[in-house]
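*Asks:* Dropping the structure in here first, questions after.
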Amino acid sequence: MGMSSDNIIGLVLALSSSIFIGSSYIIKKMGLTKAGTNGNRAASGGHSYLLEPKWWAGMTSMIIGEIANFAAYAFAPAILVTPLGALSIIFSAVLAHFILKERLHIFGMLGCALCVVGSITIVLHAPRERDIHSVKEVWQLATEPGFIVYSCLVVILVLVLIFVYAEKYGQTHMIVYVGLCSLTGSITVMSVKAVGIALKLTFEGKNQFIYFQTWFFTLIVIGCCLMQINYLNKALDTFKTNVISPVYYVMFTTLTIIASIIMFKEWDTQEATQIVTELCGFVTILSGTFLLHKTQNMGNRPTETSVASSPHLPYTIKSPDRSDI
């Protein structure tokens with residue numbers, strides 16, 4: 001069965017988004033690294049990166065990518081759009097290998113390939129999106145018991161991570177910063193989808209901005225995006241880019257699809273075989289991410305003595321006994 005025209009548009013926008021976002025990780029990392037030599041690092045609460053042009057270039061690339069991603073959600077279901085973020089993993093990992101000198105081992109390449117294969121598997125078996133004719137319909141879905149419970153759990157986990165774990169473990173356990181970005185990101189996508197649908201319907205002549213629900217979803221998008229940017233900066237300034245990208249992708253994708261399934265009930269129209277195939281796609285992605293992370297230090301790894309004597313490295317290699325997660 002061929003893809004609908006809306007799904008094709010969503011697919012193209014999602015692929016473009018991944019390229020821009022994948023590039024933004026590298027450009028922002030370069031800006032953060034340079035800014036860290038002239039002031040307090042972002043990981044320590046500093047904001048000197050705001051004066052660094054490279055950081056703004058990376059931010060511009062990310063904004064363009066997010067706009068394309070925003071538009072994609074208006075045309076295609078989240079379970080189709082979100083997994084395509086795997087392309088940003090490949091793009092950022094390869095650029096990090098050549099530009100930031102963050103070595104990508106052959107097994108890391110295999111991990112990236114597994115991420116792509118898993119994503120393609122999910123995309124090929126993704127359910128069709130339900131027809132929505134008003135933002136009020138989205139509001140009704142968002143206020144059903146299942147999604148309210150999910151939203152409350154996300155809020156509780158975010159507050160615990162911020163006030164209990166971020167200050168104590170944020171510098172040594174990447175899961176803290178990435179977890180904050182991923183949890184808020186799942187809510188962001190649901191709100192982005194609502195606003196995207198509202199804009200699409202408005203352009204078709206059905207003004208949705210006369211409803212308070214549209215503005216509520218817009219405020220949620222703005223608030224969650226600001227939080228994601230803050231903690232993503234901290235993560236990028238503390239840990240390796242080629243590890244942040246895939247871990248963030250897997251957590252964000254998994255939580256977003258879970259949120260989408262709960263809110264839009266996308267699995268209700270699918271057969272068991274389709275659902276199992278999608279789950280196999282998730283396992284493939286997780287396997288690729290695990291492989292990429294565990295082989296990040298394989299190959300030619302410089303000793304700490306040589307690292308300390310080299311003034312040209314763009315980042316500091318952490319000691320072997322320090323956990324990245």
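Chain identifiers are assigned as A, B, and so on, following the order in which chains appear in the structure tokens; residues are numbered from 1 within each chain, and ligands are numbered from 1 in order of appearance.
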Using only C-alpha atoms, which protein or nucleic acid residues come within 12 Å of A:Asp268? Drop anything in the same chain fewer than 5 positions from it, and give the result as a PDB file with N, CA and C atoms, in the first residue's frame.
*Replies:*
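Just written: result-v1.pdb:
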ATOM      1  N   PRO A 127       1.343   2.878  12.035  1.00  0.00           N
ATOM      2  CA  PRO A 127      -0.105   2.961  11.794  1.00  0.00           C
ATOM      3  C   PRO A 127      -0.479   4.260  11.104  1.00  0.00           C
ATOM      4  N   ARG A 128      -1.646   4.273  10.488  1.00  0.00           N
ATOM      5  CA  ARG A 128      -2.140   5.492   9.869  1.00  0.00           C
ATOM      6  C   ARG A 128      -2.674   6.436  10.942  1.00  0.00           C
ATOM      7  N   GLU A 129      -2.465   7.719  10.710  1.00  0.00           N
ATOM      8  CA  GLU A 129      -2.923   8.701  11.684  1.00  0.00           C
ATOM      9  C   GLU A 129      -4.431   8.888  11.580  1.00  0.00           C
ATOM     10  N   ARG A 130      -5.072   9.104  12.720  1.00  0.00           N
ATOM     11  CA  ARG A 130      -6.509   9.344  12.713  1.00  0.00           C
ATOM     12  C   ARG A 130      -6.818  10.732  12.171  1.00  0.00           C
ATOM     13  N   SER A 260       2.500   9.045  22.372  1.00  0.00           N
ATOM     14  CA  SER A 260       1.619   9.103  21.210  1.00  0.00           C
ATOM     15  C   SER A 260       0.625   7.942  21.209  1.00  0.00           C
ATOM     16  N   ILE A 261       1.104   6.753  21.593  1.00  0.00           N
ATOM     17  CA  ILE A 261       0.227   5.584  21.651  1.00  0.00           C
ATOM     18  C   ILE A 261      -0.857   5.776  22.710  1.00  0.00           C
ATOM     19  N   ILE A 262      -0.464   6.350  23.854  1.00  0.00           N
ATOM     20  CA  ILE A 262      -1.433   6.582  24.931  1.00  0.00           C
ATOM     21  C   ILE A 262      -2.449   7.650  24.524  1.00  0.00           C
ATOM     22  N   MET A 263      -1.946   8.734  23.936  1.00  0.00           N
ATOM     23  CA  MET A 263      -2.826   9.863  23.625  1.00  0.00           C
ATOM     24  C   MET A 263      -3.677   9.621  22.377  1.00  0.00           C
ATOM     25  N   GLN A 274       1.898  -6.513  13.393  1.00  0.00           N
ATOM     26  CA  GLN A 274       2.461  -5.186  13.147  1.00  0.00           C
ATOM     27  C   GLN A 274       3.079  -4.608  14.414  1.00  0.00           C
ATOM     28  N   ILE A 275       2.392  -4.782  15.518  1.00  0.00           N
ATOM     29  CA  ILE A 275       2.898  -4.265  16.794  1.00  0.00           C
ATOM     30  C   ILE A 275       4.188  -4.963  17.187  1.00  0.00           C
TER      31      ILE A 275
END
*Asks:* Hey, which bits of stretch 82-181 of chain A sit within 12 Å of stretch 54-76 of chain A, and for each residue what's the closest pair of atoms and how far apart in Å (one decimal), counting only C-alpha atoms, rows by chain and increasing number, as a tab-separated table?
*Replies:*
residue	atom	partner	partner_atom	distance
A:Thr82	CA	A:Asn69	CA	8.7
A:Pro83	CA	A:Asn69	CA	11.7
A:Leu84	CA	A:Asn69	CA	10.1
A:Gly85	CA	A:Asn69	CA	9.4
A:Ser88	CA	A:Gly65	CA	10.2
A:Val123	CA	A:Ala76	CA	10.9
A:Ala126	CA	A:Ala76	CA	10.2
A:Pro127	CA	A:Ala76	CA	10.1
A:Arg128	CA	A:Ala76	CA	8.3
A:Glu129	CA	A:Ala76	CA	6.8
A:Arg130	CA	A:Ala76	CA	9.9
A:Asp131	CA	A:Phe75	CA	10.8
A:Ile132	CA	A:Ala74	CA	10.6
A:Val135	CA	A:Ala74	CA	11.8
*Asks:* Once you have the residues from the selection above, write them out as a JSON list (two decimals), in the first residue's frame, restricted to all heavy atoms.
*Replies:*
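What landed in again11.json:
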[["chain", "number", "residue", "atom", "x", "y", "z"],
["A", 82, "THR", "N", 9.00, 10.51, 14.38],
["A", 82, "THR", "CA", 10.01, 10.48, 15.44],
["A", 82, "THR", "C", 11.16, 9.52, 15.18],
["A", 82, "THR", "O", 12.33, 9.89, 15.37],
["A", 82, "THR", "CB", 9.34, 10.15, 16.79],
["A", 82, "THR", "OG1", 8.25, 11.05, 17.02],
["A", 82, "THR", "CG2", 10.34, 10.28, 17.92],
["A", 83, "PRO", "N", 10.93, 8.26, 14.73],
["A", 83, "PRO", "CA", 12.06, 7.35, 14.51],
["A", 83, "PRO", "C", 13.05, 7.83, 13.46],
["A", 83, "PRO", "O", 14.21, 7.41, 13.47],
["A", 83, "PRO", "CB", 11.38, 6.05, 14.07],
["A", 83, "PRO", "CG", 10.02, 6.12, 14.64],
["A", 83, "PRO", "CD", 9.64, 7.56, 14.55],
["A", 84, "LEU", "N", 12.63, 8.71, 12.57],
["A", 84, "LEU", "CA", 13.54, 9.18, 11.53],
["A", 84, "LEU", "C", 14.65, 10.05, 12.10],
["A", 84, "LEU", "O", 15.60, 10.41, 11.39],
["A", 84, "LEU", "CB", 12.76, 9.97, 10.46],
["A", 84, "LEU", "CG", 11.79, 9.11, 9.63],
["A", 84, "LEU", "CD1", 11.02, 9.98, 8.65],
["A", 84, "LEU", "CD2", 12.54, 8.02, 8.89],
["A", 85, "GLY", "N", 14.55, 10.38, 13.37],
["A", 85, "GLY", "CA", 15.64, 11.11, 14.03],
["A", 85, "GLY", "C", 16.92, 10.30, 14.06],
["A", 85, "GLY", "O", 17.99, 10.82, 14.39],
["A", 88, "SER", "N", 19.89, 11.75, 12.33],
["A", 88, "SER", "CA", 20.70, 12.76, 13.01],
["A", 88, "SER", "C", 21.83, 12.10, 13.79],
["A", 88, "SER", "O", 22.90, 12.70, 13.98],
["A", 88, "SER", "CB", 19.83, 13.61, 13.95],
["A", 88, "SER", "OG", 19.35, 12.85, 15.02],
["A", 123, "VAL", "N", 9.07, 2.57, 10.75],
["A", 123, "VAL", "CA", 8.40, 3.42, 9.77],
["A", 123, "VAL", "C", 7.54, 2.60, 8.82],
["A", 123, "VAL", "O", 6.40, 2.96, 8.51],
["A", 123, "VAL", "CB", 9.44, 4.25, 8.98],
["A", 123, "VAL", "CG1", 8.79, 4.92, 7.78],
["A", 123, "VAL", "CG2", 10.08, 5.29, 9.88],
["A", 126, "ALA", "N", 4.33, 1.55, 10.56],
["A", 126, "ALA", "CA", 3.66, 2.57, 11.36],
["A", 126, "ALA", "C", 2.17, 2.62, 11.03],
["A", 126, "ALA", "O", 1.77, 2.43, 9.88],
["A", 126, "ALA", "CB", 4.29, 3.94, 11.10],
["A", 127, "PRO", "N", 1.34, 2.88, 12.03],
["A", 127, "PRO", "CA", -0.10, 2.96, 11.79],
["A", 127, "PRO", "C", -0.48, 4.26, 11.10],
["A", 127, "PRO", "O", 0.28, 5.23, 11.12],
["A", 127, "PRO", "CB", -0.68, 2.92, 13.22],
["A", 127, "PRO", "CG", 0.38, 3.54, 14.05],
["A", 127, "PRO", "CD", 1.68, 3.07, 13.45],
["A", 128, "ARG", "N", -1.65, 4.27, 10.49],
["A", 128, "ARG", "CA", -2.14, 5.49, 9.87],
["A", 128, "ARG", "C", -2.67, 6.44, 10.94],
["A", 128, "ARG", "O", -3.24, 6.00, 11.94],
["A", 128, "ARG", "CB", -3.26, 5.18, 8.87],
["A", 128, "ARG", "CG", -2.76, 4.53, 7.60],
["A", 128, "ARG", "CD", -3.89, 4.37, 6.59],
["A", 128, "ARG", "NE", -3.38, 3.90, 5.31],
["A", 128, "ARG", "CZ", -2.91, 4.69, 4.37],
["A", 128, "ARG", "NH1", -2.87, 5.99, 4.58],
["A", 128, "ARG", "NH2", -2.47, 4.19, 3.23],
["A", 129, "GLU", "N", -2.47, 7.72, 10.71],
["A", 129, "GLU", "CA", -2.92, 8.70, 11.68],
["A", 129, "GLU", "C", -4.43, 8.89, 11.58],
["A", 129, "GLU", "O", -5.00, 8.85, 10.48],
["A", 129, "GLU", "CB", -2.22, 10.04, 11.45],
["A", 129, "GLU", "CG", -2.52, 11.09, 12.50],
["A", 129, "GLU", "CD", -1.74, 12.37, 12.26],
["A", 129, "GLU", "OE1", -1.27, 12.56, 11.12],
["A", 129, "GLU", "OE2", -1.62, 13.18, 13.19],
["A", 130, "ARG", "N", -5.07, 9.10, 12.72],
["A", 130, "ARG", "CA", -6.51, 9.34, 12.71],
["A", 130, "ARG", "C", -6.82, 10.73, 12.17],
["A", 130, "ARG", "O", -6.01, 11.66, 12.29],
["A", 130, "ARG", "CB", -7.09, 9.22, 14.12],
["A", 130, "ARG", "CG", -6.60, 10.28, 15.11],
["A", 130, "ARG", "CD", -7.48, 10.33, 16.35],
["A", 130, "ARG", "NE", -7.41, 9.08, 17.09],
["A", 130, "ARG", "CZ", -8.30, 8.74, 18.03],
["A", 130, "ARG", "NH1", -9.31, 9.55, 18.31],
["A", 130, "ARG", "NH2", -8.17, 7.61, 18.69],
["A", 131, "ASP", "N", -7.97, 10.88, 11.57],
["A", 131, "ASP", "CA", -8.39, 12.18, 11.04],
["A", 131, "ASP", "C", -8.87, 13.07, 12.18],
["A", 131, "ASP", "O", -9.72, 12.66, 12.99],
["A", 131, "ASP", "CB", -9.52, 12.01, 10.02],
["A", 131, "ASP", "CG", -9.04, 11.31, 8.76],
["A", 131, "ASP", "OD1", -7.86, 11.50, 8.40],
["A", 131, "ASP", "OD2", -9.84, 10.57, 8.15],
["A", 132, "ILE", "N", -8.31, 14.27, 12.26],
["A", 132, "ILE", "CA", -8.69, 15.23, 13.29],
["A", 132, "ILE", "C", -9.15, 16.51, 12.61],
["A", 132, "ILE", "O", -8.46, 17.05, 11.74],
["A", 132, "ILE", "CB", -7.51, 15.51, 14.24],
["A", 132, "ILE", "CG1", -7.15, 14.23, 15.01],
["A", 132, "ILE", "CG2", -7.85, 16.63, 15.22],
["A", 132, "ILE", "CD1", -5.98, 14.37, 15.95],
["A", 135, "VAL", "N", -8.84, 21.34, 16.93],
["A", 135, "VAL", "CA", -7.91, 21.23, 18.05],
["A", 135, "VAL", "C", -8.65, 20.77, 19.31],
["A", 135, "VAL", "O", -8.04, 20.22, 20.24],
["A", 135, "VAL", "CB", -7.20, 22.58, 18.30],
["A", 135, "VAL", "CG1", -8.15, 23.60, 18.91],
["A", 135, "VAL", "CG2", -5.97, 22.39, 19.19]]
*Asks:* Please identify all polymer residues within 10 Å of A:Ser245, counting only C-alpha atoms, omitting same-chain residues fewer than 3 positions from it, and present them as a PyMOL selection string.
*Replies:* chain A and resi 22+25+85-86+88-93+178+236+240-242+248-250+289
*Asks:* Using backbone DSSP assignments, extract all alpha helix (DSSP H) residues from stretch 126-239 of chain A; output them as an mmCIF file with C-alpha atoms, in the first residue's frame.
*Replies:*
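Result written to result.cif:
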data_model
loop_
_atom_site.group_PDB
_atom_site.id
_atom_site.type_symbol
_atom_site.label_atom_id
_atom_site.label_comp_id
_atom_site.auth_asym_id
_atom_site.auth_seq_id
_atom_site.Cartn_x
_atom_site.Cartn_y
_atom_site.Cartn_z
ATOM 1 C CA VAL A 135 -7.912 21.227 18.053
ATOM 2 C CA LYS A 136 -10.749 20.483 20.462
ATOM 3 C CA GLU A 137 -10.511 16.841 19.434
ATOM 4 C CA VAL A 138 -6.828 16.858 20.403
ATOM 5 C CA TRP A 139 -7.747 18.449 23.739
ATOM 6 C CA GLN A 140 -10.244 15.675 24.408
ATOM 7 C CA LEU A 141 -7.557 13.077 23.735
ATOM 8 C CA ALA A 142 -5.088 14.917 25.989
ATOM 9 C CA PRO A 145 -7.298 9.502 32.102
ATOM 10 C CA GLY A 146 -4.481 7.568 30.400
ATOM 11 C CA PHE A 147 -2.607 10.621 29.129
ATOM 12 C CA ILE A 148 -3.247 12.609 32.309
ATOM 13 C CA VAL A 149 -1.576 9.822 34.312
ATOM 14 C CA TYR A 150 1.366 9.796 31.891
ATOM 15 C CA SER A 151 1.724 13.594 32.104
ATOM 16 C CA CYS A 152 1.669 13.520 35.908
ATOM 17 C CA LEU A 153 4.383 10.845 35.962
ATOM 18 C CA VAL A 154 6.531 12.944 33.615
ATOM 19 C CA VAL A 155 6.140 16.043 35.812
ATOM 20 C CA ILE A 156 7.058 14.091 38.960
ATOM 21 C CA LEU A 157 10.135 12.508 37.339
ATOM 22 C CA VAL A 158 11.300 15.863 35.940
ATOM 23 C CA LEU A 159 11.003 17.561 39.332
ATOM 24 C CA VAL A 160 12.875 14.717 41.047
ATOM 25 C CA ALA A 166 20.841 17.138 38.666
ATOM 26 C CA GLU A 167 23.252 19.000 40.947
ATOM 27 C CA LYS A 168 24.734 15.871 42.535
ATOM 28 C CA TYR A 169 24.972 13.484 39.590
ATOM 29 C CA MET A 174 24.558 11.561 31.448
ATOM 30 C CA ILE A 175 21.205 9.903 32.069
ATOM 31 C CA VAL A 176 20.196 12.850 34.300
ATOM 32 C CA TYR A 177 20.454 15.593 31.665
ATOM 33 C CA VAL A 178 19.352 13.381 28.785
ATOM 34 C CA GLY A 179 16.452 12.047 30.843
ATOM 35 C CA LEU A 180 15.225 15.576 31.519
ATOM 36 C CA CYS A 181 15.391 16.425 27.811
ATOM 37 C CA SER A 182 13.638 13.200 26.795
ATOM 38 C CA LEU A 183 10.813 13.360 29.338
ATOM 39 C CA THR A 184 9.947 16.968 28.547
ATOM 40 C CA GLY A 185 10.462 16.205 24.855
ATOM 41 C CA SER A 186 7.673 13.628 24.815
ATOM 42 C CA ILE A 187 5.240 16.246 26.118
ATOM 43 C CA THR A 188 6.660 18.809 23.700
ATOM 44 C CA VAL A 189 5.949 16.592 20.691
ATOM 45 C CA MET A 190 2.337 15.988 21.712
ATOM 46 C CA SER A 191 1.854 19.749 22.093
ATOM 47 C CA VAL A 192 3.723 20.455 18.848
ATOM 48 C CA LYS A 193 1.432 18.034 17.058
ATOM 49 C CA ALA A 194 -1.603 19.836 18.485
ATOM 50 C CA VAL A 195 -0.293 23.253 17.407
ATOM 51 C CA GLY A 196 0.728 21.866 14.007
ATOM 52 C CA ILE A 197 -2.758 20.489 13.443
ATOM 53 C CA ALA A 198 -4.217 23.839 14.511
ATOM 54 C CA LEU A 199 -2.019 25.698 12.014
ATOM 55 C CA LYS A 200 -2.800 23.256 9.220
ATOM 56 C CA LEU A 201 -6.544 23.561 9.805
ATOM 57 C CA THR A 202 -6.244 27.354 10.078
ATOM 58 C CA PHE A 203 -4.485 27.527 6.704
ATOM 59 C CA PHE A 212 -7.914 28.607 24.275
ATOM 60 C CA GLN A 213 -6.669 25.026 23.793
ATOM 61 C CA THR A 214 -4.431 26.141 20.911
ATOM 62 C CA TRP A 215 -2.767 28.791 23.066
ATOM 63 C CA PHE A 216 -2.395 26.366 25.984
ATOM 64 C CA PHE A 217 -0.558 23.869 23.779
ATOM 65 C CA THR A 218 1.608 26.728 22.444
ATOM 66 C CA LEU A 219 2.697 27.726 25.967
ATOM 67 C CA ILE A 220 3.563 24.117 26.769
ATOM 68 C CA VAL A 221 5.735 23.940 23.633
ATOM 69 C CA ILE A 222 7.629 27.126 24.546
ATOM 70 C CA GLY A 223 8.202 26.126 28.172
ATOM 71 C CA CYS A 224 9.338 22.580 27.409
ATOM 72 C CA CYS A 225 11.625 23.701 24.571
ATOM 73 C CA LEU A 226 13.426 26.196 26.829
ATOM 74 C CA MET A 227 14.001 23.458 29.413
ATOM 75 C CA GLN A 228 15.286 21.043 26.762
ATOM 76 C CA ILE A 229 17.728 23.619 25.375
ATOM 77 C CA ASN A 230 19.109 24.350 28.852
ATOM 78 C CA TYR A 231 19.797 20.732 29.801
ATOM 79 C CA LEU A 232 20.937 19.715 26.327
ATOM 80 C CA ASN A 233 23.599 22.427 26.534
ATOM 81 C CA LYS A 234 24.768 20.991 29.860
ATOM 82 C CA ALA A 235 24.896 17.491 28.398
ATOM 83 C CA LEU A 236 26.821 18.574 25.291
ATOM 84 C CA ASP A 237 29.326 20.510 27.387
ATOM 85 C CA THR A 238 29.991 17.550 29.688
#
*Asks:* Which polymer residues have any atom within 9 Å of an atom of A:Leu110, counting only C-alpha atoms, with same-chain residues fewer than 3 positions away left out, as number ranges by chain?
*Replies:* A: 105-107, 113-115, 288, 291-292
*Asks:* Kindly save the residues from that selection, with N, CA and C atoms included, as a compact mmCIF listing (two decimals), in the first residue's frame.
*Replies:*
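Result file follows (result29.txt):
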# COMPACT_ATOMS: atom_id res chain seq x y z
N HIS A 105 34.51 4.03 16.07
CA HIS A 105 35.06 2.71 15.75
C HIS A 105 34.13 1.98 14.78
N ILE A 106 34.66 0.92 14.17
CA ILE A 106 33.87 0.15 13.20
C ILE A 106 32.60 -0.40 13.84
N PHE A 107 32.69 -0.78 15.13
CA PHE A 107 31.50 -1.27 15.80
C PHE A 107 30.51 -0.14 16.09
N ALA A 113 24.25 1.78 12.03
CA ALA A 113 23.49 1.06 11.01
C ALA A 113 22.28 0.36 11.63
N LEU A 114 22.48 -0.24 12.80
CA LEU A 114 21.37 -0.91 13.49
C LEU A 114 20.28 0.09 13.86
N CYS A 115 20.68 1.28 14.28
CA CYS A 115 19.69 2.31 14.61
C CYS A 115 18.83 2.66 13.40
N GLY A 288 21.67 -1.10 18.70
CA GLY A 288 22.62 -0.24 18.00
C GLY A 288 23.19 0.83 18.91
N LEU A 291 25.66 -0.73 21.39
CA LEU A 291 26.91 -1.04 20.71
C LEU A 291 27.74 0.21 20.48
N LEU A 292 27.07 1.29 20.05
CA LEU A 292 27.77 2.55 19.80
C LEU A 292 28.39 3.09 21.07
*Asks:* I'd like the interatomic distance between atom CA of A:Val94 and atom CA of A:Ala14, to a tenth of an Å.
*Replies:* 19.3 Å
*Asks:* Hey, what's within 9 Å of A:Thr121 if we count only C-alpha atoms and toss same-chain stuff fewer than 2 positions away? As a list in words, please?
*Replies:*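 Surrounding residues, per the criterion: Val116, Val117, Gly118, Ser119, Val123, Leu124, His125, Ala126, Thr277, Glu278, Cys280, Gly281 and Phe282 of chain A.
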*Asks:* Any chance you can output those residues with N, CA and C atoms as an mmCIF file, in the first residue's frame?
*Replies:*
data_model
loop_
_atom_site.group_PDB
_atom_site.id
_atom_site.type_symbol
_atom_site.label_atom_id
_atom_site.label_comp_id
_atom_site.auth_asym_id
_atom_site.auth_seq_id
_atom_site.Cartn_x
_atom_site.Cartn_y
_atom_site.Cartn_z
ATOM 1 N N VAL A 116 19.478 2.763 12.253
ATOM 2 C CA VAL A 116 18.742 3.096 11.030
ATOM 3 C C VAL A 116 17.810 1.951 10.632
ATOM 4 N N VAL A 117 18.319 0.711 10.686
ATOM 5 C CA VAL A 117 17.494 -0.448 10.320
ATOM 6 C C VAL A 117 16.268 -0.537 11.234
ATOM 7 N N GLY A 118 16.485 -0.344 12.532
ATOM 8 C CA GLY A 118 15.361 -0.384 13.465
ATOM 9 C C GLY A 118 14.346 0.696 13.179
ATOM 10 N N SER A 119 14.826 1.881 12.847
ATOM 11 C CA SER A 119 13.921 2.992 12.545
ATOM 12 C C SER A 119 13.114 2.724 11.278
ATOM 13 N N VAL A 123 9.072 2.566 10.754
ATOM 14 C CA VAL A 123 8.404 3.418 9.773
ATOM 15 C C VAL A 123 7.543 2.599 8.816
ATOM 16 N N LEU A 124 8.077 1.466 8.346
ATOM 17 C CA LEU A 124 7.347 0.649 7.374
ATOM 18 C C LEU A 124 6.088 0.018 7.956
ATOM 19 N N HIS A 125 6.020 -0.097 9.271
ATOM 20 C CA HIS A 125 4.856 -0.710 9.902
ATOM 21 C C HIS A 125 4.078 0.280 10.773
ATOM 22 N N ALA A 126 4.331 1.552 10.560
ATOM 23 C CA ALA A 126 3.656 2.575 11.357
ATOM 24 C C ALA A 126 2.168 2.622 11.032
ATOM 25 N N THR A 277 6.345 -6.355 15.187
ATOM 26 C CA THR A 277 7.399 -5.896 14.281
ATOM 27 C C THR A 277 7.935 -4.542 14.717
ATOM 28 N N GLU A 278 7.044 -3.648 15.137
ATOM 29 C CA GLU A 278 7.483 -2.342 15.632
ATOM 30 C C GLU A 278 8.336 -2.497 16.882
ATOM 31 N N CYS A 280 10.179 -5.047 17.613
ATOM 32 C CA CYS A 280 11.475 -5.559 17.147
ATOM 33 C C CYS A 280 12.338 -4.415 16.624
ATOM 34 N N GLY A 281 11.694 -3.457 15.994
ATOM 35 C CA GLY A 281 12.428 -2.275 15.534
ATOM 36 C C GLY A 281 13.032 -1.517 16.701
ATOM 37 N N PHE A 282 12.278 -1.391 17.788
ATOM 38 C CA PHE A 282 12.793 -0.724 18.979
ATOM 39 C C PHE A 282 13.999 -1.463 19.546
#
*Asks:* Rounded to one decimal in Å, what is the spacing between atom CA of A:Val12 and atom CA of A:Ala96?
*Replies:* 24.4 Å
*Asks:* What is the atom CA of A:Lys28-atom CA of A:Tyr49 distance in Å, reported with one decimal?
*Replies:*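 Interatomic distance here is 9.0 Å.
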